[in-house]
Every structure is written in C-alpha cells, then in structure tokens.
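Participant: Structure supplied as entry20.txt; contents: compact mmCIF, C-alpha atoms and all ligand atoms.
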```
# COMPACT_ATOMS: atom_id res chain seq x y z
CA MET A 163 -134.20 35.09 86.89
CA LYS A 164 -136.50 36.65 84.39
CA VAL A 165 -140.10 37.29 85.26
CA THR A 166 -142.48 39.21 83.09
CA VAL A 167 -145.52 40.48 84.91
CA LYS A 168 -148.39 40.38 82.48
CA SER A 169 -151.12 41.15 84.92
CA TRP A 170 -151.22 41.91 88.57
CA THR A 171 -153.99 40.48 90.69
CA GLY A 172 -152.69 41.37 94.09
CA VAL A 173 -152.55 37.89 95.57
CA ALA A 174 -149.80 36.96 97.96
CA THR A 175 -147.29 35.92 95.31
CA TRP A 176 -143.60 36.44 96.07
CA ARG A 177 -144.71 36.93 99.64
CA TRP A 178 -141.50 35.63 101.12
CA VAL A 179 -139.50 38.40 99.52
CA ALA A 180 -141.16 40.93 101.76
CA ASN A 181 -141.81 38.60 104.63
CA ASP A 182 -140.38 40.20 107.74
CA ASP A 183 -141.30 37.44 110.15
CA ASN A 184 -139.23 34.58 108.77
CA CYS A 185 -135.60 34.08 107.95
CA GLY A 186 -135.55 33.79 104.17
CA ILE A 187 -132.83 31.15 104.22
CA CYS A 188 -134.21 28.57 106.65
CA ARG A 189 -137.84 29.81 106.67
CA MET A 190 -138.00 29.63 110.46
CA PRO A 191 -139.67 32.55 112.24
CA PHE A 192 -137.27 35.18 113.57
CA ASP A 193 -138.54 34.66 117.10
CA SER A 194 -137.28 31.08 117.02
CA CYS A 195 -133.79 29.87 116.22
CA CYS A 196 -132.38 28.37 113.04
CA PRO A 197 -132.89 24.61 112.48
CA ASP A 198 -129.31 23.90 113.59
CA CYS A 199 -129.90 25.34 117.06
CA LYS A 200 -131.99 24.05 119.92
CA LEU A 201 -133.06 27.11 121.89
CA PRO A 202 -134.08 30.55 120.73
CA GLY A 203 -132.15 33.40 122.25
CA ASP A 204 -128.58 34.51 122.39
CA ASP A 205 -127.09 31.42 120.78
CA CYS A 206 -128.74 32.19 117.47
CA PRO A 207 -128.94 35.97 117.12
CA LEU A 208 -130.33 37.82 114.15
CA VAL A 209 -127.96 39.91 112.07
CA TRP A 210 -128.57 42.68 109.61
CA GLY A 211 -126.59 43.46 106.52
CA ALA A 212 -125.70 46.95 105.36
CA CYS A 213 -128.46 46.36 102.78
CA SER A 214 -130.90 46.07 105.74
CA HIS A 215 -131.77 42.43 105.11
CA CYS A 216 -131.97 40.25 108.17
CA PHE A 217 -131.13 36.57 108.78
CA HIS A 218 -130.16 34.21 111.57
CA ILE A 219 -126.42 34.57 112.00
CA HIS A 220 -125.90 30.83 111.44
CA CYS A 221 -127.89 30.90 108.23
CA ILE A 222 -126.13 33.88 106.66
CA VAL A 223 -122.67 32.65 107.69
CA LYS A 224 -123.42 29.24 106.18
CA TRP A 225 -124.61 30.95 103.00
CA LEU A 226 -121.53 33.19 102.75
CA HIS A 227 -119.27 30.17 103.26
CA SER A 228 -121.01 28.24 100.51
CA GLN A 229 -120.52 31.01 97.95
CA PRO A 230 -117.51 32.26 96.00
CA GLN A 231 -118.77 35.82 96.41
CA GLN A 232 -119.97 37.32 99.67
CA GLN A 233 -123.37 38.58 98.62
CA CYS A 234 -126.70 39.02 100.33
CA PRO A 235 -128.94 36.15 99.11
CA MET A 236 -131.87 38.56 98.95
CA CYS A 237 -130.52 41.49 96.92
CA ARG A 238 -127.08 40.26 95.77
CA GLN A 239 -125.29 43.33 97.08
CA ASP A 240 -121.95 42.68 98.72
CA TRP A 241 -122.69 41.51 102.21
CA LYS A 242 -121.45 43.68 105.07
CA PHE A 243 -122.52 43.12 108.65
CA ASN A 244 -124.34 46.15 109.94
CA ASN A 245 -123.06 46.68 113.48
CA LYS A 246 -125.55 49.01 114.98
CA MET B 77 -127.00 9.46 94.39
CA ALA B 78 -126.50 7.88 97.78
CA GLN B 79 -125.88 11.16 99.51
CA ASN B 80 -129.36 12.32 98.64
CA ILE B 81 -130.94 9.52 100.56
CA ASN B 82 -132.16 10.63 103.91
CA PRO B 83 -130.44 8.45 106.53
CA HIS B 84 -133.74 8.23 108.39
CA TYR B 85 -134.75 5.84 105.69
CA ALA B 86 -131.41 4.45 104.66
CA SER B 87 -130.04 1.66 106.76
CA SER B 88 -127.07 2.57 108.94
CA SER B 89 -126.09 -0.75 110.43
CA ASN B 90 -122.39 -0.17 109.88
CA PRO B 91 -121.08 1.13 113.25
CA ALA B 92 -118.00 2.72 111.66
CA LYS B 93 -120.27 4.91 109.64
CA GLN B 94 -122.36 5.98 112.58
CA ASN B 95 -120.39 9.11 113.38
CA GLU B 96 -120.61 10.31 109.85
CA ASP B 97 -124.31 9.53 109.85
CA THR B 98 -124.89 11.61 112.97
CA ILE B 99 -123.35 14.61 111.26
CA LYS B 100 -125.40 14.03 108.16
CA LEU B 101 -128.50 13.58 110.26
CA LYS B 102 -128.05 16.99 111.81
CA ASP B 103 -127.78 18.57 108.38
CA ASN B 104 -130.62 16.56 107.00
CA HIS B 105 -132.80 17.59 109.88
CA ALA B 106 -132.46 21.24 108.87
CA VAL B 107 -133.07 20.40 105.21
CA SER B 108 -136.12 18.25 106.03
CA LYS B 109 -137.53 21.02 108.15
CA ARG B 110 -137.23 23.51 105.37
CA LEU B 111 -138.65 21.11 102.77
CA GLN B 112 -141.61 20.39 105.05
CA LYS B 113 -142.26 24.11 105.32
CA GLU B 114 -142.11 24.47 101.57
CA LEU B 115 -144.51 21.58 101.10
CA MET B 116 -147.01 23.08 103.52
CA GLU B 117 -146.70 26.46 101.84
CA LEU B 118 -147.23 24.90 98.40
CA MET B 119 -150.32 23.04 99.55
CA ARG B 120 -151.74 26.08 101.30
CA CYS B 121 -151.51 28.46 98.38
CA ALA B 122 -151.31 26.50 95.18
CA ASP B 123 -150.27 28.42 92.09
CA LYS B 124 -151.99 27.97 88.82
CA GLY B 125 -150.11 25.63 86.57
CA ILE B 126 -147.49 24.24 88.92
CA SER B 127 -147.51 21.60 91.62
CA ALA B 128 -144.97 19.47 93.47
CA PHE B 129 -144.98 16.67 95.98
CA PRO B 130 -142.40 14.32 97.50
CA GLU B 131 -142.07 11.12 95.52
CA SER B 132 -142.27 8.88 98.60
CA GLU B 133 -141.51 9.28 102.32
CA ASN B 134 -138.14 10.50 101.14
CA LEU B 135 -138.47 14.27 101.37
CA PHE B 136 -135.30 14.68 99.34
CA LYS B 137 -136.86 13.73 96.04
CA TRP B 138 -139.93 15.44 94.64
CA ILE B 139 -141.99 15.19 91.50
CA GLY B 140 -143.18 18.48 90.09
CA THR B 141 -145.60 19.29 87.30
CA ILE B 142 -145.71 22.34 85.09
CA ASN B 143 -148.53 23.22 82.74
CA GLY B 144 -147.36 24.77 79.50
CA PRO B 145 -147.97 28.51 79.74
CA GLN B 146 -151.12 29.85 78.09
CA GLU B 147 -150.75 31.52 74.71
CA THR B 148 -147.47 29.76 74.00
CA VAL B 149 -146.66 26.75 71.83
CA TYR B 150 -146.65 24.69 75.05
CA ALA B 151 -150.25 25.56 76.01
CA GLY B 152 -152.22 22.43 76.91
CA HIS B 153 -149.11 20.38 77.63
CA LYS B 154 -148.26 19.02 81.05
CA TYR B 155 -144.65 18.28 81.97
CA LYS B 156 -143.41 16.18 84.85
CA LEU B 157 -140.07 16.99 86.46
CA SER B 158 -137.94 15.43 89.14
CA LEU B 159 -136.31 17.55 91.84
CA GLU B 160 -133.51 16.13 93.99
CA PHE B 161 -132.31 18.07 96.99
CA PRO B 162 -128.69 17.85 98.15
CA ASN B 163 -127.87 17.77 101.88
CA SER B 164 -126.61 21.32 101.43
CA TYR B 165 -130.01 22.60 100.27
CA PRO B 166 -130.92 25.50 100.25
CA TYR B 167 -127.28 26.58 100.15
CA ALA B 168 -126.97 24.64 96.92
CA PRO B 169 -129.73 24.31 94.29
CA PRO B 170 -131.82 21.18 93.72
CA MET B 171 -131.06 18.98 90.70
CA VAL B 172 -134.00 19.47 88.37
CA LYS B 173 -134.79 17.35 85.31
CA PHE B 174 -137.68 16.92 82.93
CA ILE B 175 -139.21 13.44 83.19
CA THR B 176 -141.69 14.08 80.37
CA PRO B 177 -139.52 14.61 77.29
CA CYS B 178 -139.55 18.31 76.44
CA PHE B 179 -138.60 19.74 73.07
CA HIS B 180 -137.12 23.11 73.99
CA PRO B 181 -133.97 25.09 73.12
CA ASN B 182 -132.71 24.96 76.72
CA VAL B 183 -133.55 21.34 77.55
CA ASP B 184 -131.34 18.51 76.37
CA THR B 185 -132.40 15.02 75.32
CA CYS B 186 -131.85 13.70 78.88
CA GLY B 187 -134.18 16.34 80.30
CA LEU B 188 -131.41 18.47 81.76
CA ILE B 189 -132.23 22.15 81.90
CA CYS B 190 -129.92 25.07 81.27
CA LEU B 191 -131.16 27.77 83.61
CA ASP B 192 -128.97 30.26 85.46
CA ILE B 193 -130.91 30.15 88.73
CA LEU B 194 -130.23 26.40 88.96
CA LYS B 195 -126.51 27.15 88.66
CA ASP B 196 -124.53 30.30 89.44
CA LYS B 197 -127.57 32.52 90.02
CA TRP B 198 -129.01 30.28 92.73
CA THR B 199 -129.74 31.82 96.11
CA ALA B 200 -130.91 30.23 99.34
CA LEU B 201 -134.10 32.26 99.08
CA TYR B 202 -135.32 30.39 96.03
CA ASP B 203 -137.48 27.34 96.57
CA VAL B 204 -139.43 24.66 94.75
CA ARG B 205 -142.07 27.16 93.82
CA THR B 206 -139.73 29.76 92.32
CA VAL B 207 -137.80 27.02 90.52
CA LEU B 208 -140.95 25.64 88.89
CA LEU B 209 -142.26 29.11 88.03
CA SER B 210 -138.91 29.99 86.45
CA ILE B 211 -138.92 26.83 84.36
CA GLN B 212 -142.48 27.63 83.32
CA SER B 213 -141.40 31.07 82.15
CA LEU B 214 -138.38 29.54 80.42
CA LEU B 215 -140.84 27.49 78.33
CA ALA B 216 -142.44 30.73 77.19
CA GLU B 217 -139.19 32.59 76.65
CA PRO B 218 -136.26 30.36 75.74
CA ASN B 219 -132.73 31.60 75.56
CA THR B 220 -131.85 30.79 71.95
CA HIS B 221 -128.31 32.16 72.24
CA SER B 222 -126.88 29.23 74.15
CA PRO B 223 -129.13 26.32 73.17
CA LEU B 224 -128.78 22.74 74.38
CA ASN B 225 -131.13 21.66 71.64
CA GLN B 226 -129.96 23.20 68.35
CA GLN B 227 -132.92 21.93 66.37
CA ALA B 228 -135.43 23.54 68.74
CA SER B 229 -133.45 26.75 68.65
CA TYR B 230 -133.50 26.85 64.83
CA LEU B 231 -137.19 26.12 64.69
CA TRP B 232 -138.23 28.55 67.43
CA PRO B 233 -138.57 31.69 65.22
CA ASN B 234 -141.10 29.84 63.06
CA GLN B 235 -143.80 29.52 65.69
CA PRO B 236 -146.50 27.75 63.60
CA ALA B 237 -144.01 25.06 62.53
CA TYR B 238 -142.62 24.86 66.06
CA LYS B 239 -146.12 24.44 67.50
CA LYS B 240 -146.87 21.63 65.06
CA TYR B 241 -143.61 19.85 65.83
CA VAL B 242 -143.86 20.27 69.59
CA ASP B 243 -147.45 18.97 69.62
CA GLU B 244 -146.44 15.86 67.71
CA PHE B 245 -143.39 15.40 69.91
CA TYR B 246 -145.47 15.78 73.05
CA ASN B 247 -148.17 13.35 71.93
CA LYS B 248 -145.57 10.79 70.96
CA HIS B 249 -143.59 11.00 74.22
CA ARG B 250 -146.06 12.05 76.93
CA ASP B 251 -146.53 8.52 78.21
CA SER B 252 -142.98 7.32 77.85
ZN ZN A 301 -132.44 31.20 109.40
ZN ZN A 302 -128.68 28.98 114.86
ZN ZN A 303 -129.68 42.38 101.02
```
Any chance you could put this one into structure tokens?
Ligand SMILES: [Zn+2]
Ligand SMILES: [Zn+2]
Ligand SMILES: [Zn+2]
Facilitator:
Amino acid sequence: MKVTVKSWTGVATWRWVANDDNCGICRMPFDSCCPDCKLPGDDCPLVWGACSHCFHIHCIVKWLHSQPQQQCPMCRQDWKFNNK
Amino acid sequence: MAQNINPHYASSSNPAKQNEDTIKLKDNHAVSKRLQKELMELMRCADKGISAFPESENLFKWIGTINGPQETVYAGHKYKLSLEFPNSYPYAPPMVKFITPCFHPNVDTCGLICLDILKDKWTALYDVRTVLLSIQSLLAEPNTHSPLNQQASYLWPNQPAYKKYVDEFYNKHRDS
C-alpha cells in the first residue's frame, strides 16, 4: 500500500498499528479472548512472533492457514513463534 | 453471492442445512463482531473525505463514499462504492466496487478496482477505513503501468484534458 504523508497533524490516525491493547486481527482486547472462544484465559492465549508482534493464538493460526506464505500480518516478516 | 448473506437474516428452514448453518453462524459471529467494532470506530473518529455504513441490517454489505482528493483532477467529486465481506473476513479481503462510475486507469467499466491490497497484499490488519483511504490515494496516484482502462491511462499525463474529460464523465454518470 502506498501512502504519501503530505502533512502531519498528530491526530490518532493509523492508531491500530501501534495499538498494544487489542489484537490487530480480531480487534478484541488482549485481556479478553478471540471471538471464536467463550472465556478469556488459558484456552485463548496470546502469542508473540519473533518480530515481537502479538496476537491471540487462534487469530494468528487462522491467518497463517489462510495464507500461502507464513508471514506476520503486521510487518510481513516470516512468522516464527517466539517461545520465551 | 449467497454465502455473503448473514444466516441471521437468511431463512434456514431446511433442516438438512442446519448443521452447515451452525458452523457458518459461528464464523459469522466473529465477522459480525469485528465489523461492528469497525463501524463504531469509523463513527467515533470520522476521517475527512471517507465514510462507510452497512447497507441494511446485513452487516456483510456496506456502502462507502470517497471524496476525490483535493488538488487532483477528482477534487469535488464524490464516489460511492460497495463493500462485500466474505465469511472469511478479515482473513480474506472484502470485494470492493465503484457504484458511481469512475473514469480511472485502475478501475474498469464495471467498477472493479485493481489494487494490490485488495488482492495478494491484503492483511487481516486492514479494514474498511484503510481500504477506502487506499482507494482515495489510488485516485490521486494511479498505476499507469498495468491499466484496466487504457483510455484513462493514455489521457492521464495530459492533466488539463484529463480533468475536462473526467468532469464531463462524472457529471454525466453521477446519478446513474
Ligand atoms: Zn484476536
Ligand atoms: Zn480464541
Ligand atoms: Zn510482525
């Protein structure tokens, strides 16, 4: 996607990119589960990629399955689970 | 077409289909939830020059509007688009089409748009807002290397002539 920034006014544009409270894929807050799950907690853990981006495990797995290439939807680097 | 209809609103009287519908319903629930969030977000912080709203109670079909970007040949024009969301949204992109005829190198006569983020460059992080903003910037900066509309692509370098043509085209078709 091509975006030319002509002027910067400092409003909350592109806020989701840097939004640390929500899963970028389903938009649900990280302290609740993904829309496919009922209860927050261990059933729907958060996972981090080597690129440091974070998603619900169900959301990122669904994304990786839907794509020919295994890339982070945020930064398009190859997705590797960060097991720390 | 039929698969884009939310089963909440479609009739499901056929018992043999019920199992399939339950599965779809689960998927649709997640998609509806996300679309509702997007709608709320769009209403809360409206961007200049774009807007979008579901066409009816069916959350899976929206009508969007884009104002032609300032200081371009499209300035002062207003284009309506339709957005249809598949059950696999946001894992797959919405189907986006111009409803108001748009004379542009990357828009064909049916209103179909050639834009990478609606195809192979799609990611689940994009949304209605980013889609409409990208189309708005496509109006300002067409890709004339792989045009869907040859005539528009030829004319593009001659901006005064293009402006004249596109104004006439817009005034003739805006209400159709
Ligand atoms: Zn999620
Ligand atoms: Zn989950
Ligand atoms: Zn990443």
Participant: Rounded to one decimal, what separation in Å do you get between CA of Asn245 (chain A) and CA of Val223 (chain A)?
Facilitator: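 Straight-line distance from CA of Asn245 (chain A) to CA of Val223 (chain A) works out to 15.2 Å.
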Participant: Give the residues of chain B that lie within 6 Å of chain A; count all atoms listed in the file, and format the answer as an MDAnalysis selection string.
Facilitator: chainID B and resid 106 167 199:201
Participant: Keeping only C-alpha atoms, write those residues as a PDB file, in the coordinates of the input.
Facilitator:
```pdb
ATOM      1  CA  ALA B 106    -132.460  21.240 108.870  1.00  0.00           C
ATOM      2  CA  TYR B 167    -127.280  26.580 100.150  1.00  0.00           C
ATOM      3  CA  THR B 199    -129.740  31.820  96.110  1.00  0.00           C
ATOM      4  CA  ALA B 200    -130.910  30.230  99.340  1.00  0.00           C
ATOM      5  CA  LEU B 201    -134.100  32.260  99.080  1.00  0.00           C
TER       6      LEU B 201
END
```
Participant: For ligand ZN 303 (chain A), which of A:Ser194, A:Gln239, A:Asn244, A:Gln231 is the closest residue, counting all atoms listed in the file?
Facilitator: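 Residue with the minimum atom-to-atom distance to ligand ZN 303 (chain A): A:Gln239.
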Participant: Which residue, B:Leu224, B:Val204, B:Leu159, B:Ala128, has the smallest gap to His180 (chain B) when you use all atoms listed in the file?
Facilitator: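 Residue with the minimum atom-to-atom distance to His180 (chain B): B:Leu224.
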Participant: In Å, rounded to a single decimal, give me how far CA of Phe129 (chain B) is from CA of Glu114 (chain B).
Facilitator: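 Interatomic distance here is 10.0 Å.
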Participant: Could you tell me how far CA of Asp193 (chain A) sits from CA of Phe217 (chain A), in Å to one decimal place?
Facilitator: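 That distance, rounded to one decimal, is 11.3 Å.
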Participant: What's around region 235-246 of chain B at 7 Å? Count all atoms listed in the file, leave out sequence neighbours fewer than 4 positions away in its own chain, and write the answer as a PyMOL selection string.
Facilitator: chain B and resi 149+179+231+250
